[in-house]
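Structure data (PDB, C-alpha atoms) from upload.pdb:
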MODEL        1
ATOM      1  CA  MET U   1      72.968 -90.028 -73.133  1.00  0.00           C
ATOM      2  CA  THR U   2      71.576 -92.163 -75.777  1.00  0.00           C
ATOM      3  CA  ILE U   3      70.309 -90.967 -79.082  1.00  0.00           C
ATOM      4  CA  LYS U   4      66.764 -91.871 -78.068  1.00  0.00           C
ATOM      5  CA  LYS U   5      66.886 -89.621 -74.985  1.00  0.00           C
ATOM      6  CA  LYS U   6      68.448 -86.737 -76.963  1.00  0.00           C
ATOM      7  CA  SER U   7      65.804 -86.911 -79.658  1.00  0.00           C
ATOM      8  CA  LEU U   8      63.029 -87.126 -77.047  1.00  0.00           C
ATOM      9  CA  THR U   9      64.423 -84.048 -75.240  1.00  0.00           C
ATOM     10  CA  LEU U  10      64.748 -82.152 -78.519  1.00  0.00           C
ATOM     11  CA  LEU U  11      61.207 -83.133 -79.527  1.00  0.00           C
ATOM     12  CA  GLY U  12      59.862 -82.012 -76.121  1.00  0.00           C
ATOM     13  CA  ALA U  13      61.662 -78.656 -76.383  1.00  0.00           C
ATOM     14  CA  ALA U  14      60.256 -78.117 -79.898  1.00  0.00           C
ATOM     15  CA  ALA U  15      56.730 -78.995 -78.762  1.00  0.00           C
ATOM     16  CA  LEU U  16      57.036 -76.622 -75.779  1.00  0.00           C
ATOM     17  CA  SER U  17      58.287 -73.725 -77.926  1.00  0.00           C
ATOM     18  CA  LEU U  18      55.509 -74.278 -80.486  1.00  0.00           C
ATOM     19  CA  SER U  19      52.827 -74.382 -77.808  1.00  0.00           C
ATOM     20  CA  LEU U  20      54.056 -71.125 -76.247  1.00  0.00           C
ATOM     21  CA  SER U  21      54.287 -69.324 -79.596  1.00  0.00           C
ATOM     22  CA  GLY U  22      50.821 -70.603 -80.517  1.00  0.00           C
ATOM     23  CA  CYS U  23      49.265 -68.290 -77.926  1.00  0.00           C
ATOM     24  CA  GLY U  24      50.357 -65.270 -79.945  1.00  0.00           C
ATOM     25  CA  VAL U  25      49.322 -66.762 -83.270  1.00  0.00           C
ATOM     26  CA  PHE U  26      45.710 -67.421 -82.227  1.00  0.00           C
ATOM     27  CA  ASP U  27      45.341 -64.213 -80.243  1.00  0.00           C
ATOM     28  CA  TYR U  28      42.962 -62.725 -82.831  1.00  0.00           C
ATOM     29  CA  LEU U  29      40.475 -65.533 -82.175  1.00  0.00           C
ATOM     30  CA  ILE U  30      40.027 -64.521 -78.536  1.00  0.00           C
ATOM     31  CA  TYR U  31      37.193 -62.049 -77.859  1.00  0.00           C
ATOM     32  CA  LYS U  32      38.243 -58.918 -76.015  1.00  0.00           C
ATOM     33  CA  PRO U  33      35.539 -56.343 -75.198  1.00  0.00           C
ATOM     34  CA  ASP U  34      35.825 -52.635 -75.941  1.00  0.00           C
ATOM     35  CA  ILE U  35      36.325 -50.606 -72.764  1.00  0.00           C
ATOM     36  CA  PRO U  36      34.751 -47.112 -72.762  1.00  0.00           C
ATOM     37  CA  GLN U  37      35.261 -45.031 -69.621  1.00  0.00           C
ATOM     38  CA  GLY U  38      34.206 -41.525 -68.638  1.00  0.00           C
ATOM     39  CA  ASN U  39      32.028 -38.966 -70.403  1.00  0.00           C
ATOM     40  CA  TYR U  40      31.412 -39.615 -74.094  1.00  0.00           C
ATOM     41  CA  MET U  41      30.588 -36.298 -75.748  1.00  0.00           C
ATOM     42  CA  GLU U  42      29.509 -35.512 -79.273  1.00  0.00           C
ATOM     43  CA  LYS U  43      30.896 -32.486 -81.098  1.00  0.00           C
ATOM     44  CA  GLN U  44      27.362 -31.022 -81.211  1.00  0.00           C
ATOM     45  CA  GLN U  45      27.149 -31.031 -77.412  1.00  0.00           C
ATOM     46  CA  VAL U  46      30.361 -29.033 -77.000  1.00  0.00           C
ATOM     47  CA  GLU U  47      29.263 -26.576 -79.708  1.00  0.00           C
ATOM     48  CA  LYS U  48      26.187 -25.712 -77.597  1.00  0.00           C
ATOM     49  CA  LEU U  49      28.375 -24.184 -74.881  1.00  0.00           C
ATOM     50  CA  ARG U  50      28.291 -20.383 -74.553  1.00  0.00           C
ATOM     51  CA  ILE U  51      30.197 -18.055 -72.294  1.00  0.00           C
ATOM     52  CA  ASP U  52      28.327 -16.987 -69.120  1.00  0.00           C
ATOM     53  CA  MET U  53      26.210 -20.169 -69.005  1.00  0.00           C
ATOM     54  CA  THR U  54      25.370 -21.271 -65.470  1.00  0.00           C
ATOM     55  CA  LYS U  55      26.697 -24.500 -63.973  1.00  0.00           C
ATOM     56  CA  GLU U  56      23.243 -26.051 -64.238  1.00  0.00           C
ATOM     57  CA  GLN U  57      23.048 -25.233 -67.943  1.00  0.00           C
ATOM     58  CA  VAL U  58      26.486 -26.721 -68.623  1.00  0.00           C
ATOM     59  CA  GLU U  59      25.573 -29.861 -66.688  1.00  0.00           C
ATOM     60  CA  TYR U  60      22.335 -30.125 -68.678  1.00  0.00           C
ATOM     61  CA  VAL U  61      24.229 -29.952 -71.989  1.00  0.00           C
ATOM     62  CA  LEU U  62      27.235 -32.159 -71.139  1.00  0.00           C
ATOM     63  CA  GLY U  63      26.098 -34.257 -68.188  1.00  0.00           C
ATOM     64  CA  ARG U  64      27.883 -34.598 -64.872  1.00  0.00           C
ATOM     65  CA  PRO U  65      31.659 -34.201 -64.969  1.00  0.00           C
ATOM     66  CA  VAL U  66      33.949 -37.109 -64.150  1.00  0.00           C
ATOM     67  CA  LEU U  67      35.895 -34.952 -61.714  1.00  0.00           C
ATOM     68  CA  ARG U  68      35.334 -31.679 -59.914  1.00  0.00           C
ATOM     69  CA  ASP U  69      38.290 -29.905 -58.368  1.00  0.00           C
ATOM     70  CA  SER U  70      38.494 -30.789 -54.675  1.00  0.00           C
ATOM     71  CA  PHE U  71      39.624 -27.372 -53.541  1.00  0.00           C
ATOM     72  CA  SER U  72      37.423 -25.295 -55.803  1.00  0.00           C
ATOM     73  CA  ASP U  73      34.126 -26.202 -57.451  1.00  0.00           C
ATOM     74  CA  ASP U  74      34.981 -23.817 -60.293  1.00  0.00           C
ATOM     75  CA  THR U  75      36.906 -26.376 -62.391  1.00  0.00           C
ATOM     76  CA  TRP U  76      35.204 -29.378 -63.981  1.00  0.00           C
ATOM     77  CA  TYR U  77      36.939 -32.174 -65.875  1.00  0.00           C
ATOM     78  CA  TYR U  78      35.230 -34.243 -68.567  1.00  0.00           C
ATOM     79  CA  VAL U  79      37.458 -37.176 -69.543  1.00  0.00           C
ATOM     80  CA  TYR U  80      36.760 -39.912 -72.075  1.00  0.00           C
ATOM     81  CA  HIS U  81      39.010 -42.967 -72.453  1.00  0.00           C
ATOM     82  CA  TYR U  82      38.252 -45.743 -74.948  1.00  0.00           C
ATOM     83  CA  LYS U  83      40.307 -48.895 -75.502  1.00  0.00           C
ATOM     84  CA  SER U  84      39.375 -51.072 -78.451  1.00  0.00           C
ATOM     85  CA  GLY U  85      39.374 -54.792 -77.760  1.00  0.00           C
ATOM     86  CA  ARG U  86      40.107 -55.741 -81.357  1.00  0.00           C
ATOM     87  CA  ASP U  87      43.285 -53.786 -82.062  1.00  0.00           C
ATOM     88  CA  ALA U  88      44.074 -52.297 -78.618  1.00  0.00           C
ATOM     89  CA  SER U  89      43.926 -48.741 -79.995  1.00  0.00           C
ATOM     90  CA  ILE U  90      43.266 -46.026 -77.434  1.00  0.00           C
ATOM     91  CA  ILE U  91      41.270 -42.801 -77.761  1.00  0.00           C
ATOM     92  CA  HIS U  92      41.686 -40.261 -74.969  1.00  0.00           C
ATOM     93  CA  LYS U  93      39.861 -36.902 -74.939  1.00  0.00           C
ATOM     94  CA  GLU U  94      39.622 -34.237 -72.261  1.00  0.00           C
ATOM     95  CA  LEU U  95      37.539 -31.120 -71.748  1.00  0.00           C
ATOM     96  CA  ILE U  96      38.344 -28.766 -68.870  1.00  0.00           C
ATOM     97  CA  ILE U  97      35.723 -26.187 -67.954  1.00  0.00           C
ATOM     98  CA  ASN U  98      36.471 -23.208 -65.705  1.00  0.00           C
ATOM     99  CA  PHE U  99      33.787 -21.104 -64.057  1.00  0.00           C
ATOM    100  CA  ASN U 100      33.989 -17.640 -62.576  1.00  0.00           C
ATOM    101  CA  GLY U 101      31.531 -17.896 -59.713  1.00  0.00           C
ATOM    102  CA  ASP U 102      28.479 -19.545 -61.260  1.00  0.00           C
ATOM    103  CA  LYS U 103      29.188 -18.464 -64.872  1.00  0.00           C
ATOM    104  CA  LEU U 104      31.171 -20.321 -67.560  1.00  0.00           C
ATOM    105  CA  ALA U 105      34.446 -18.478 -68.189  1.00  0.00           C
ATOM    106  CA  GLU U 106      36.800 -20.762 -70.152  1.00  0.00           C
ATOM    107  CA  VAL U 107      36.820 -24.119 -71.965  1.00  0.00           C
ATOM    108  CA  LYS U 108      40.043 -25.968 -72.854  1.00  0.00           C
ATOM    109  CA  GLY U 109      40.612 -29.404 -74.274  1.00  0.00           C
ATOM    110  CA  ASP U 110      40.492 -31.692 -77.276  1.00  0.00           C
ATOM    111  CA  TYR U 111      37.155 -30.460 -78.657  1.00  0.00           C
ATOM    112  CA  ASP U 112      36.616 -27.496 -80.988  1.00  0.00           C
ATOM    113  CA  LEU U 113      34.325 -24.771 -79.694  1.00  0.00           C
ATOM    114  CA  SER U 114      31.621 -23.065 -81.718  1.00  0.00           C
ATOM    115  CA  THR U 115      32.445 -19.762 -83.381  1.00  0.00           C
ATOM    116  CA  GLU U 116      29.619 -18.278 -81.300  1.00  0.00           C
ATOM    117  CA  PHE U 117      31.121 -19.400 -77.975  1.00  0.00           C
ATOM    118  CA  ASN U 118      31.945 -15.833 -76.927  1.00  0.00           C
ATOM    119  CA  THR U 119      28.360 -14.682 -77.563  1.00  0.00           C
ATOM    120  CA  PRO U 120      26.351 -15.050 -74.340  1.00  0.00           C
ATOM    121  CA  LEU U 121      23.294 -17.275 -74.516  1.00  0.00           C
ATOM    122  CA  GLU U 122      20.905 -14.350 -73.918  1.00  0.00           C
ATOM    123  CA  GLU U 123      22.305 -12.460 -76.930  1.00  0.00           C
ATOM    124  CA  SER U 124      22.475 -15.359 -79.381  1.00  0.00           C
ATOM    125  CA  LYS U 125      19.734 -15.831 -81.953  1.00  0.00           C
ATOM    126  CA  LEU U 126      17.912 -18.890 -83.134  1.00  0.00           C
ATOM    127  CA  PRO U 127      18.597 -19.950 -86.713  1.00  0.00           C
ATOM    128  CA  GLU U 128      16.538 -17.862 -89.110  1.00  0.00           C
ATOM    129  CA  ILE U 129      14.095 -19.261 -91.608  1.00  0.00           C
ATOM    130  CA  ASN U 130      13.096 -17.731 -94.927  1.00  0.00           C
ATOM    131  CA  THR U 131       9.887 -15.917 -93.963  1.00  0.00           C
ATOM    132  CA  PRO U 132       9.108 -12.223 -94.034  1.00  0.00           C
ATOM    133  CA  GLU U 133       9.604 -10.609 -90.649  1.00  0.00           C
ATOM    134  CA  GLY U 134       6.465  -9.911 -88.658  1.00  0.00           C
ATOM    135  CA  GLU U 135       4.232 -12.440 -90.422  1.00  0.00           C
ATOM    136  CA  PRO U 136       3.153 -15.385 -88.297  1.00  0.00           C
ATOM    137  CA  LEU U 137       3.595 -18.887 -89.679  1.00  0.00           C
ATOM    138  CA  ILE U 138       0.166 -20.308 -90.560  1.00  0.00           C
ATOM    139  CA  PRO U 139      -0.187 -23.868 -91.782  1.00  0.00           C
ATOM    140  CA  GLU U 140      -1.821 -24.367 -95.161  1.00  0.00           C
ATOM    141  CA  GLN U 141      -5.597 -24.668 -95.063  1.00  0.00           C
ATOM    142  CA  ARG U 142      -7.468 -27.214 -97.176  1.00  0.00           C
ATOM    143  CA  PRO U 143      -9.944 -25.520 -99.537  1.00  0.00           C
ATOM    144  CA  GLN U 144     -12.832 -27.853 -98.670  1.00  0.00           C
ATOM    145  CA  ALA U 145     -13.708 -28.596 -95.087  1.00  0.00           C
ATOM    146  CA  GLU U 146     -15.067 -32.052 -95.808  1.00  0.00           C
ATOM    147  CA  PRO U 147     -13.548 -34.997 -93.952  1.00  0.00           C
ATOM    148  CA  LEU U 148     -10.993 -37.038 -95.900  1.00  0.00           C
ATOM    149  CA  VAL U 149     -12.567 -40.369 -94.834  1.00  0.00           C
ATOM    150  CA  GLU U 150     -16.255 -41.013 -94.626  1.00  0.00           C
ATOM    151  CA  GLU U 151     -17.428 -42.418 -91.342  1.00  0.00           C
ATOM    152  CA  GLN U 152     -19.885 -45.294 -91.396  1.00  0.00           C
ATOM    153  CA  GLU U 153     -22.541 -45.498 -88.757  1.00  0.00           C
ATOM    154  CA  THR U 154     -22.790 -48.802 -86.946  1.00  0.00           C
ATOM    155  CA  GLN U 155     -25.566 -49.959 -84.749  1.00  0.00           C
ATOM    156  CA  PRO U 156     -24.554 -50.981 -81.265  1.00  0.00           C
ATOM    157  CA  GLU U 157     -24.907 -54.680 -80.575  1.00  0.00           C
ATOM    158  CA  THR U 158     -26.596 -55.950 -77.493  1.00  0.00           C
ATOM    159  CA  LEU U 159     -24.985 -58.640 -75.377  1.00  0.00           C
ATOM    160  CA  SER U 160     -27.563 -61.238 -76.368  1.00  0.00           C
ATOM    161  CA  GLU U 161     -26.906 -60.677 -80.091  1.00  0.00           C
ATOM    162  CA  LYS U 162     -23.170 -60.825 -79.555  1.00  0.00           C
ATOM    163  CA  PHE U 163     -23.167 -64.306 -77.975  1.00  0.00           C
ATOM    164  CA  GLU U 164     -25.745 -65.953 -80.248  1.00  0.00           C
TER
ENDMDL
END
Output the structure of this file as structure tokens.
Amino acid sequence: MTIKKKSLTLLGAAALSLSLSGCGVFDYLIYKPDIPQGNYMEKQQVEKLRIDMTKEQVEYVLGRPVLRDSFSDDTWYYVYHYKSGRDASIIHKELIINFNGDKLAEVKGDYDLSTEFNTPLEESKLPEINTPEGEPLIPEQRPQAEPLVEEQETQPETLSEKFE
């Protein structure tokens, strides 16, 4: 082989290797969408769960489960899978809910439960506010009963006056 053919072959091999490695170098310029799948749940939603809630109440709070057990409708699976397009990081969270009949019995998974989870919904209290017990809440009354804005009387226009 001549020197010209050897140099041309070497140059072609170098160009080929550079073009193939260039795909990895410019990978950050290519748009890749984020891929969320399943049930996205906030921490506040899971903290609303209480033992002995009905299936309808749990579905109202969390939404429909991704999967219900085929052999028994007493186990519900809430799964959330998120893959970032930018850095290919993956977030995977699961929540498994078990019922005893129609009542919530157990919750397992990657979410923290409220400290009041074991208090049934009927026995739990609403957050208290700083008012004496027994007194109803009455909004403040204005001392004068006059309107804040004075109304001006206008005379109704007739159609003939309006178009003249």
> Taking all atoms listed in the file into account, which of U:Glu122, U:Asp34, U:Glu150, U:Glu42 comes nearest Lys83 in chain U?
Replying inline: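 Checking each of U:Glu122, U:Asp34, U:Glu150, U:Glu42 against Lys83 in chain U, counting all atoms listed in the file, the winner is U:Asp34.
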> Which residues match the PyMOL selection byres ((chain U and resi 82) around 10) in the file above, as an MDAnalysis selection string?
Replying inline: chainID U and resid 34:38 40 80:81 83:85 88:93
>> Expand the PyMOL selection byres ((chain U and resi 61-71) around 9) into the explicit residue set it covers here, and present it as an NGL selection string.
In response: :U and (38-39 or 41 or 45-46 or 48-49 or 56-60 or 72-80)
> Between U:Leu104, U:Leu11, U:Ile3, U:Ile51, which has the minimum distance to Phe117 in chain U (counting only C-alpha atoms)?
Replying inline: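 Of the candidates, the smallest distance to Phe117 in chain U is held by U:Ile51.
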> To one decimal place, how far is CA of Glu106 in chain U from CA of Asn118 in chain U in Å?
Replying inline: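 Spanning CA of Glu106 in chain U to CA of Asn118 in chain U is a straight-line distance of 9.7 Å.
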